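**Q** Dropping in query_37.txt, with compact mmCIF, C-alpha atoms.
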# COMPACT_ATOMS: atom_id res chain seq x y z
CA GLY A 1 27.67 52.13 62.19
CA PHE A 2 25.86 53.41 59.11
CA TYR A 3 22.71 55.46 59.82
CA ARG A 4 20.17 55.51 57.02
CA ALA A 5 18.30 58.80 56.87
CA LEU A 6 14.60 59.27 56.11
CA TYR A 7 13.20 61.52 53.40
CA ALA A 8 9.54 62.34 52.73
CA GLU A 9 8.41 64.27 49.65
CA ILE A 10 5.01 65.94 49.39
CA GLU A 11 3.78 66.17 45.79
CA ASP A 12 0.38 65.70 44.11
CA ILE A 13 -1.34 63.27 41.78
CA GLY A 14 -0.77 65.46 38.73
CA VAL A 15 1.84 62.83 37.88
CA LEU A 16 -1.07 60.52 36.97
CA SER A 17 -2.77 63.00 34.63
CA ASP A 18 -3.59 62.67 30.94
CA SER A 19 -4.54 65.21 28.25
CA ALA A 20 -8.31 64.67 28.03
CA GLY A 21 -9.12 68.37 27.81
CA GLY A 22 -12.37 67.72 29.68
CA LYS A 23 -13.72 65.63 26.80
CA TYR A 24 -13.82 62.22 28.51
CA ALA A 25 -13.16 60.24 31.67
CA TYR A 26 -10.59 57.47 31.55
CA ASP A 27 -10.93 54.10 33.25
CA THR A 28 -7.39 53.79 34.63
CA VAL A 29 -7.30 54.06 38.41
CA TYR A 30 -3.80 54.02 39.89
CA ASP A 31 -3.37 52.01 43.08
CA ASP A 32 -0.56 53.02 45.42
CA GLN A 33 -0.04 49.32 46.22
CA ASN A 34 0.41 48.44 42.53
CA ILE A 35 4.11 49.14 42.00
CA ASP A 36 4.25 47.88 38.41
CA GLN A 37 1.39 50.23 37.49
CA ILE A 38 3.12 53.24 39.03
CA GLU A 39 6.42 52.34 37.40
CA SER A 40 4.66 52.33 34.01
CA LEU A 41 4.31 56.12 34.26
CA ALA A 42 6.38 57.89 31.61
CA PRO A 43 9.32 60.00 32.80
CA THR A 44 7.74 62.90 30.89
CA GLN A 45 4.82 63.09 33.36
CA ILE A 46 4.87 66.14 35.63
CA HIS A 47 7.45 65.80 38.47
CA ARG A 48 8.03 62.13 37.49
CA LEU A 49 11.78 62.66 37.09
CA VAL A 50 11.89 63.96 40.67
CA ASP A 51 10.07 60.84 41.87
CA LEU A 52 12.49 58.59 40.01
CA ALA A 53 15.51 60.35 41.51
CA ILE A 54 14.06 60.01 45.01
CA VAL A 55 13.33 56.31 44.56
CA GLU A 56 16.82 55.74 43.11
CA ALA A 57 18.37 57.30 46.23
CA ASP A 58 16.48 54.73 48.29
CA LYS A 59 17.58 51.92 45.99
CA GLN A 60 21.21 52.99 46.36
CA GLY A 61 20.84 52.82 50.14
CA PHE A 62 21.42 56.50 50.86
CA VAL A 63 18.02 57.16 52.40
CA LYS A 64 14.61 55.63 53.02
CA THR A 65 12.12 57.57 50.93
CA TYR A 66 8.36 58.12 51.17
CA ILE A 67 6.39 60.07 48.56
CA VAL A 68 2.99 61.44 49.66
CA LEU A 69 0.63 62.50 46.87
CA PRO A 70 -2.61 64.23 47.93
CA SER A 71 -5.37 64.69 45.35
CA LEU A 72 -7.62 67.76 44.94
CA ILE A 73 -7.65 69.30 48.41
CA TYR A 74 -10.70 71.30 49.42
CA GLY A 75 -12.16 73.07 52.44
CA ILE A 76 -10.95 75.87 54.69
CA ALA A 77 -8.25 75.00 57.23
CA THR A 78 -9.08 75.09 60.93
CA GLY A 79 -7.01 74.61 64.07
CA LYS A 80 -4.50 76.46 66.20
CA LEU A 81 -2.19 77.63 63.42
CA ALA A 82 -5.17 78.84 61.42
CA ASP A 83 -6.50 80.71 64.47
CA LEU A 84 -3.10 82.36 64.95
CA GLY A 85 -3.11 83.58 61.37
CA ILE A 86 0.16 81.90 60.43
CA GLN A 87 -1.25 79.10 58.26
CA ASN A 88 -2.45 79.27 54.68
CA LEU A 89 -6.18 78.57 55.05
CA TYR A 90 -6.88 77.60 51.48
CA SER A 91 -5.84 75.01 48.94
CA MET A 92 -5.28 75.78 45.25
CA GLN A 93 -7.49 74.19 42.59
CA VAL A 94 -10.92 74.95 44.08
CA PRO A 95 -10.07 78.58 44.97
CA VAL A 96 -8.66 79.09 41.47
CA LEU A 97 -11.83 77.77 39.82
CA ILE A 98 -14.02 79.85 42.12
CA SER A 99 -12.00 83.01 41.48
CA ILE A 100 -12.17 82.50 37.71
CA SER A 101 -15.90 81.76 37.91
CA ILE A 102 -16.58 84.95 39.89
CA GLU A 103 -14.61 87.02 37.38
CA ARG A 104 -16.66 85.61 34.47
CA GLY A 105 -19.96 85.46 36.41
CA GLN A 106 -20.41 81.78 35.61
CA GLY A 107 -19.09 78.42 36.77
CA ALA A 108 -16.14 77.29 34.65
CA MET A 109 -14.79 74.01 33.31
CA VAL A 110 -12.41 72.86 30.61
CA GLY A 111 -14.22 71.31 27.66
CA GLU A 112 -17.25 69.34 28.81
CA GLY A 113 -15.87 68.80 32.31
CA LYS A 114 -16.05 65.02 31.96
CA ASN A 115 -12.59 64.51 33.45
CA ILE A 116 -12.36 62.90 36.89
CA TRP A 117 -10.17 63.71 39.88
CA PRO A 118 -10.15 62.26 43.40
CA ASN A 119 -10.51 64.60 46.34
CA VAL A 120 -9.57 64.87 50.01
CA HIS A 121 -10.71 67.32 52.67
CA ILE A 122 -8.17 69.73 54.09
CA ASP A 123 -8.76 68.44 57.65
CA ASP A 124 -8.21 64.85 56.51
CA SER A 125 -5.22 65.75 54.42
CA MET A 126 -3.14 68.37 56.08
CA SER A 127 -1.11 69.75 58.89
CA ALA A 128 1.14 72.77 58.45
CA SER A 129 4.68 73.19 57.25
CA PRO A 130 6.65 76.13 55.80
CA GLN A 131 7.10 75.86 52.07
CA LYS A 132 8.63 78.12 49.44
CA ILE A 133 7.34 78.33 45.90
CA ARG A 134 9.24 80.77 43.67
CA GLY A 135 10.22 82.89 46.63
CA LEU A 136 6.74 82.95 48.17
CA THR A 137 7.00 81.67 51.73
CA SER A 138 3.71 80.19 52.96
CA VAL A 139 2.43 77.71 55.45
CA ASP A 140 1.26 75.07 53.07
CA LEU A 141 -0.06 71.57 52.68
CA VAL A 142 1.47 68.58 54.40
CA ALA A 143 -0.80 65.57 54.51
CA ASP A 144 -2.11 64.29 57.81
CA LEU A 145 -1.09 61.07 56.14
CA PHE A 146 2.48 62.32 56.57
CA LEU A 147 1.95 62.29 60.34
CA VAL A 148 0.54 58.77 60.16
CA LEU A 149 3.61 57.69 58.21
CA TYR A 150 5.96 59.38 60.66
CA SER A 151 4.28 57.62 63.56
CA ALA A 152 4.59 54.27 61.83
CA ILE A 153 8.23 54.84 60.93
CA SER A 154 9.25 56.09 64.36
CA SER A 155 7.56 53.12 66.02
CA GLY A 156 9.67 50.74 63.95
CA SER A 157 6.86 49.49 61.70
CA ASN A 158 8.13 47.96 58.47
CA ILE A 159 6.11 50.04 56.01
CA GLY A 160 6.81 50.46 52.31
CA HIS A 161 9.53 52.85 51.14
CA GLY A 162 11.44 53.49 47.94
CA ARG A 163 9.64 51.92 44.99
CA GLU A 164 7.02 50.71 47.47
CA GLY A 165 6.84 54.10 49.17
CA TYR A 166 4.10 55.90 47.24
CA TYR A 167 1.16 57.03 49.39
CA PHE A 168 -1.87 58.58 47.73
CA GLY A 169 -4.39 60.80 49.53
CA GLU A 170 -8.00 60.45 48.32
CA ASN A 171 -11.46 59.72 49.67
CA GLY A 172 -13.83 60.03 46.72
CA GLU A 173 -14.01 61.25 43.14
CA HIS A 174 -15.76 64.00 41.19
CA THR A 175 -15.98 65.27 37.64
CA PHE A 176 -15.09 68.86 36.92
CA TYR A 177 -18.61 69.29 35.57
CA GLU A 178 -19.98 68.44 39.04
CA LEU A 179 -17.57 70.93 40.54
CA GLY A 180 -18.64 73.55 38.00
CA VAL A 181 -22.32 72.98 38.81
CA ALA A 182 -21.68 73.41 42.55
CA ILE A 183 -19.83 76.66 41.90
CA SER A 184 -22.52 77.91 39.49
CA LYS A 185 -25.31 77.21 42.00
CA ALA A 186 -23.42 79.02 44.76
CA LEU A 187 -22.91 82.04 42.49
CA VAL A 188 -26.63 82.14 41.66
CA GLU A 189 -27.59 81.88 45.34
CA LEU A 190 -25.27 84.78 46.16
CA GLY A 191 -26.49 86.93 43.29
CA ILE A 192 -23.22 86.70 41.36
CA GLY A 193 -24.21 84.25 38.60
CA LYS A 194 -27.28 83.77 36.40
CA SER A 195 -27.31 80.03 35.64
CA ASP A 196 -26.78 76.77 37.50
CA GLU A 197 -24.92 75.36 34.50
CA PRO A 198 -21.15 75.88 34.10
CA THR A 199 -19.75 76.80 30.70
CA SER A 200 -16.50 75.86 28.98
CA LEU A 201 -13.53 78.16 29.26
CA THR A 202 -12.77 79.79 25.94
CA GLN A 203 -9.30 79.62 24.43
CA GLU A 204 -8.89 83.28 25.36
CA GLU A 205 -9.67 82.41 28.99
CA LEU A 206 -7.31 79.43 28.95
CA ASP A 207 -4.60 81.76 27.66
CA LYS A 208 -5.38 84.29 30.39
CA TYR A 209 -5.49 81.95 33.37
CA PHE A 210 -3.50 78.86 32.34
CA MET A 211 -0.97 80.04 29.74
CA GLY A 212 -3.11 78.26 27.13
CA SER A 213 -2.96 74.92 28.96
CA ASP A 214 -6.02 72.69 29.41
CA ALA A 215 -4.51 70.99 32.48
CA PHE A 216 -7.73 71.50 34.48
CA GLY A 217 -9.37 69.21 31.92
CA ALA A 218 -7.08 66.26 32.70
CA ASN A 219 -8.06 63.01 34.37
CA SER A 220 -6.08 61.83 37.39
CA ARG A 221 -7.54 58.86 39.25
CA CYS A 222 -6.19 56.83 42.16
CA LYS A 223 -6.97 54.66 45.18
CA ALA A 224 -5.12 55.16 48.46
CA ASN A 225 -4.99 51.51 49.51
CA ARG A 226 -1.41 51.63 50.81
CA SER A 227 -2.17 54.80 52.77
CA ARG A 228 -5.18 53.21 54.42
CA ALA A 229 -3.18 50.08 55.16
CA VAL A 230 -0.81 52.08 57.40
CA GLY A 231 -3.69 53.52 59.40
CA TRP A 232 -4.84 56.65 57.55
CA LYS A 233 -8.60 57.09 58.01
CA PRO A 234 -10.11 59.98 56.03
CA THR A 235 -13.74 60.77 56.80
CA LYS A 236 -14.93 63.43 54.35
CA THR A 237 -16.44 62.43 51.00
CA THR A 238 -17.31 63.96 47.64
CA ALA A 239 -20.61 65.15 49.12
CA ASP A 240 -18.54 67.24 51.54
CA LEU A 241 -16.55 68.67 48.64
CA LEU A 242 -19.71 69.84 46.88
CA SER A 243 -21.23 71.28 50.07
CA SER A 244 -17.98 73.16 50.82
CA ILE A 245 -18.21 75.30 47.68
CA LYS A 246 -20.59 78.01 48.91
CA PRO A 247 -18.48 78.80 52.03
CA GLU A 248 -15.43 79.08 49.76
CA VAL A 249 -17.26 81.44 47.42
CA LEU A 250 -18.09 83.59 50.45
CA ALA A 251 -14.43 83.45 51.51
CA ASN A 252 -13.44 84.71 48.08
CA VAL A 253 -15.73 87.70 48.48
CA GLU A 254 -14.63 88.50 52.04
CA ASP A 255 -10.96 87.46 52.39
CA SER A 256 -8.10 89.11 50.51
CA GLN A 257 -5.90 86.05 51.10
CA TYR A 258 -8.40 83.94 49.20
CA LYS A 259 -8.57 86.47 46.37
CA SER A 260 -4.77 86.38 46.04
CA THR A 261 -4.83 82.64 45.32
CA LEU A 262 -5.51 83.15 41.62
CA SER A 263 -2.59 85.53 41.07
CA ARG A 264 -0.24 83.27 43.06
CA PHE A 265 -1.43 80.28 41.04
CA THR A 266 -0.93 81.95 37.66
CA ASP A 267 2.59 83.00 38.65
CA PHE A 268 3.40 79.47 39.82
CA PHE A 269 1.75 77.82 36.80
CA ALA A 270 3.71 80.02 34.42
CA SER A 271 6.93 78.79 36.05
CA THR A 272 6.08 75.12 35.53
CA ILE A 273 5.31 75.01 31.82
How does this structure look as structure tokens?
**A**
Amino acid sequence: GFYRALYAEIEDIGVLSDSAGGKYAYDTVYDDQNIDQIESLAPTQIHRLVDLAIVEADKQGFVKTYIVLPSLIYGIATGKLADLGIQNLYSMQVPVLISISIERGQGAMVGEGKNIWPNVHIDDSMSASPQKIRGLTSVDLVADLFLVLYSAISSGSNIGHGREGYYFGENGEHTFYELGVAISKALVELGIGKSDEPTSLTQEELDKYFMGSDAFGANSRCKANRSRAVGWKPTKTTADLLSSIKPEVLANVEDSQYKSTLSRFTDFFASTI
């Protein structure tokens, strides 16, 4: 008989982003249970064409597909793989902002930092899996949600797949101004910065760190209702995000792996635009 394979893709909610440049927050909140809303996304959105190809493969009956999209992941990984030194301990966006802020001696944001992103703690959102990005092999992010999905699938549960197979990962929201304030305060407390207030990245700094892009000023909002419906139960909130900043600043000062995040990010970012 015909065996239908399973395929799970780990991406991020950048596909939901706009071009606010930090100037405003938008009201649109994407719901992973609202298929029509997700299908309204333009094919020009980042990695949207990949999503469409994956969903089409499901529609054609070749494979059952599940797309997991974590939001801004924060915190420092813990657990056996971390203890063994074979897991990447850090995420991407927060370490990048911290590294830039340390270099300039001040918390950073794009524009006024009014843009909103959801967030999810690394312990709520990840396990470990090998991943290659432009030849850089790392042990990188795979949502704990992925494990919840796998359990549901392997037990025979009839959960959504294909066009109904989008699973967001979020448990709170923040503005990038709030994030900038938390970083600025940590820098002041550690004697690195002079003010609790973040400042806007100049065009010269955007050119240096982001190839001129203002992507860190975009909005990207969502609710993980489908994910929760299959049994995912995140526990950390935005308050945990903000309280995690100082330990990450310390990690930047003390850990060469953390410091390398910025250079790895700029190399990767340059390859995507």
**Q** Suppose you want the space between atom CA of Ser157 of chain A and atom CA of Thr237 of chain A; what is it in Å?
**A** 28.7 Å
**Q** Counting all atoms listed in the file, select every polymer residue within 12 Å of (-21.2, 80.2, 40.0) as defined in the file's coordinates, and provide the selection as a VMD selection string.
**A** chain A and resid 97 to 109 178 to 199 245 to 246 248 to 250
**Q** Separation of atom CA of Glu173 of chain A and atom CA of Thr266 of chain A, in Å?
**A**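 Distance reported for this atom pair: 25.1 Å.
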**Q** Taking all atoms listed in the file into account, name the residue in A:Ile76, A:Ala82, A:Leu89, A:Val50 that is nearest to Asp240 of chain A.
**A**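 Under the stated criterion, the closest residue is A:Ile76.
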**Q** For atom CA of Ala224 of chain A and atom CA of Thr261 of chain A, determine how far apart the two atoms are, in Å to one decimal place.
**A**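 Separation of atom CA of Ala224 of chain A and atom CA of Thr261 of chain A: 27.7 Å.
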**Q** I'd like the neighbourhood of Ile122 of chain A as a list of chain:residue names, where a residue qualifies if any of its atoms comes within 8 Å (using all atoms listed in the file), though same-chain residues fewer than 4 positions away should be ignored.
**A**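 Here the qualifying residues turn out to be A:Ile73, A:Tyr74, A:Gly75, A:Ile76, A:Ala77, A:Ser91, A:Met126.
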**Q** Residues near Thr235 of chain A, anyone? I mean within 12 Å using only C-alpha atoms, not counting same-chain ones fewer than 3 positions away, as a short mmCIF file (atom, residue, chain, number, x, y, z; two decimals) with C-alpha atoms, keeping the file's coordinate frame.
**A**
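Contents of result39.cif, freshly written:
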data_model
loop_
_atom_site.label_atom_id
_atom_site.label_comp_id
_atom_site.auth_asym_id
_atom_site.auth_seq_id
_atom_site.Cartn_x
_atom_site.Cartn_y
_atom_site.Cartn_z
CA ASN A 119 -10.51 64.60 46.34
CA VAL A 120 -9.57 64.87 50.01
CA HIS A 121 -10.71 67.32 52.67
CA ILE A 122 -8.17 69.73 54.09
CA ASP A 123 -8.76 68.44 57.65
CA ASP A 124 -8.21 64.85 56.51
CA SER A 125 -5.22 65.75 54.42
CA GLY A 169 -4.39 60.80 49.53
CA GLU A 170 -8.00 60.45 48.32
CA ASN A 171 -11.46 59.72 49.67
CA GLY A 172 -13.83 60.03 46.72
CA ARG A 228 -5.18 53.21 54.42
CA TRP A 232 -4.84 56.65 57.55
CA THR A 238 -17.31 63.96 47.64
CA ALA A 239 -20.61 65.15 49.12
CA ASP A 240 -18.54 67.24 51.54
CA LEU A 241 -16.55 68.67 48.64
#
**Q** With only C-alpha atoms counted, which protein, DNA or RNA residues have an atom no more than 9 Å from (5.2, 63.3, 32.4) in the file frame? Please answer as a PDB file with C-alpha atoms, in the frame of the given file.
**A**
ATOM      1  CA  GLY A  14      -0.770  65.460  38.730  1.00  0.00           C
ATOM      2  CA  VAL A  15       1.840  62.830  37.880  1.00  0.00           C
ATOM      3  CA  LEU A  16      -1.070  60.520  36.970  1.00  0.00           C
ATOM      4  CA  SER A  17      -2.770  63.000  34.630  1.00  0.00           C
ATOM      5  CA  ASP A  18      -3.590  62.670  30.940  1.00  0.00           C
ATOM      6  CA  LEU A  41       4.310  56.120  34.260  1.00  0.00           C
ATOM      7  CA  ALA A  42       6.380  57.890  31.610  1.00  0.00           C
ATOM      8  CA  PRO A  43       9.320  60.000  32.800  1.00  0.00           C
ATOM      9  CA  THR A  44       7.740  62.900  30.890  1.00  0.00           C
ATOM     10  CA  GLN A  45       4.820  63.090  33.360  1.00  0.00           C
ATOM     11  CA  ILE A  46       4.870  66.140  35.630  1.00  0.00           C
ATOM     12  CA  HIS A  47       7.450  65.800  38.470  1.00  0.00           C
ATOM     13  CA  ARG A  48       8.030  62.130  37.490  1.00  0.00           C
ATOM     14  CA  LEU A  49      11.780  62.660  37.090  1.00  0.00           C
TER      15      LEU A  49
END
**Q** Which one of A:Gly231, A:Pro118, A:Gly85, A:Gly113 sits closest to Tyr30 of chain A if you count all atoms listed in the file?
**A**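 Nearest to Tyr30 of chain A: A:Pro118.
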**Q** So, with only C-alpha atoms as the atoms that count, which of A:Tyr167, A:Tyr90, A:Tyr177, A:Phe62 lies closest to Phe216 of chain A?
**A**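 Ranked by minimum distance to Phe216 of chain A, first place goes to A:Tyr177.
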**Q** Point out the residue among A:Asp27, A:Glu11, A:Glu112, A:Glu164 with the least atom-to-atom distance to Val55 of chain A, counting only C-alpha atoms.
**A**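 Using only C-alpha atoms, the shortest distance to Val55 of chain A belongs to A:Glu164.
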**Q** Please, can segment 41-54 of chain A be completed to N, CA, C and O atoms and returned as a PDB file, in the frame of the given file?
**A**
ATOM      1  N   LEU A  41       4.442  54.710  34.575  1.00  0.00           N
ATOM      2  CA  LEU A  41       4.310  56.120  34.260  1.00  0.00           C
ATOM      3  C   LEU A  41       5.532  56.627  33.481  1.00  0.00           C
ATOM      4  O   LEU A  41       6.667  56.331  33.851  1.00  0.00           O
ATOM      5  N   ALA A  42       5.294  57.370  32.435  1.00  0.00           N
ATOM      6  CA  ALA A  42       6.380  57.890  31.610  1.00  0.00           C
ATOM      7  C   ALA A  42       7.194  58.929  32.371  1.00  0.00           C
ATOM      8  O   ALA A  42       6.645  59.689  33.172  1.00  0.00           O
ATOM      9  N   PRO A  43       8.481  58.988  32.131  1.00  0.00           N
ATOM     10  CA  PRO A  43       9.320  60.000  32.800  1.00  0.00           C
ATOM     11  C   PRO A  43       8.958  61.426  32.401  1.00  0.00           C
ATOM     12  O   PRO A  43       9.395  62.385  33.050  1.00  0.00           O
ATOM     13  N   THR A  44       8.166  61.568  31.332  1.00  0.00           N
ATOM     14  CA  THR A  44       7.740  62.900  30.890  1.00  0.00           C
ATOM     15  C   THR A  44       6.550  63.429  31.689  1.00  0.00           C
ATOM     16  O   THR A  44       6.189  64.606  31.547  1.00  0.00           O
ATOM     17  N   GLN A  45       5.928  62.603  32.525  1.00  0.00           N
ATOM     18  CA  GLN A  45       4.820  63.090  33.360  1.00  0.00           C
ATOM     19  C   GLN A  45       5.341  64.126  34.355  1.00  0.00           C
ATOM     20  O   GLN A  45       6.494  64.064  34.800  1.00  0.00           O
ATOM     21  N   ILE A  46       4.467  65.066  34.740  1.00  0.00           N
ATOM     22  CA  ILE A  46       4.870  66.140  35.630  1.00  0.00           C
ATOM     23  C   ILE A  46       5.491  65.592  36.916  1.00  0.00           C
ATOM     24  O   ILE A  46       4.965  64.655  37.514  1.00  0.00           O
ATOM     25  N   HIS A  47       6.598  66.133  37.325  1.00  0.00           N
ATOM     26  CA  HIS A  47       7.450  65.800  38.470  1.00  0.00           C
ATOM     27  C   HIS A  47       7.837  64.320  38.563  1.00  0.00           C
ATOM     28  O   HIS A  47       8.335  63.859  39.592  1.00  0.00           O
ATOM     29  N   ARG A  48       7.670  63.551  37.463  1.00  0.00           N
ATOM     30  CA  ARG A  48       8.030  62.130  37.490  1.00  0.00           C
ATOM     31  C   ARG A  48       9.541  61.945  37.633  1.00  0.00           C
ATOM     32  O   ARG A  48       9.998  61.024  38.336  1.00  0.00           O
ATOM     33  N   LEU A  49      10.330  62.790  36.982  1.00  0.00           N
ATOM     34  CA  LEU A  49      11.780  62.660  37.090  1.00  0.00           C
ATOM     35  C   LEU A  49      12.249  62.871  38.528  1.00  0.00           C
ATOM     36  O   LEU A  49      13.199  62.223  38.985  1.00  0.00           O
ATOM     37  N   VAL A  50      11.568  63.753  39.250  1.00  0.00           N
ATOM     38  CA  VAL A  50      11.890  63.960  40.670  1.00  0.00           C
ATOM     39  C   VAL A  50      11.594  62.687  41.447  1.00  0.00           C
ATOM     40  O   VAL A  50      12.405  62.229  42.271  1.00  0.00           O
ATOM     41  N   ASP A  51      10.429  62.092  41.196  1.00  0.00           N
ATOM     42  CA  ASP A  51      10.070  60.840  41.870  1.00  0.00           C
ATOM     43  C   ASP A  51      11.118  59.762  41.628  1.00  0.00           C
ATOM     44  O   ASP A  51      11.528  59.045  42.548  1.00  0.00           O
ATOM     45  N   LEU A  52      11.524  59.640  40.371  1.00  0.00           N
ATOM     46  CA  LEU A  52      12.490  58.590  40.010  1.00  0.00           C
ATOM     47  C   LEU A  52      13.827  58.805  40.715  1.00  0.00           C
ATOM     48  O   LEU A  52      14.462  57.836  41.167  1.00  0.00           O
ATOM     49  N   ALA A  53      14.253  60.058  40.828  1.00  0.00           N
ATOM     50  CA  ALA A  53      15.510  60.350  41.510  1.00  0.00           C
ATOM     51  C   ALA A  53      15.417  60.021  43.001  1.00  0.00           C
ATOM     52  O   ALA A  53      16.365  59.484  43.597  1.00  0.00           O
ATOM     53  N   ILE A  54      14.265  60.319  43.593  1.00  0.00           N
ATOM     54  CA  ILE A  54      14.060  60.010  45.010  1.00  0.00           C
ATOM     55  C   ILE A  54      14.083  58.508  45.249  1.00  0.00           C
ATOM     56  O   ILE A  54      14.753  58.019  46.173  1.00  0.00           O
TER      57      ILE A  54
END
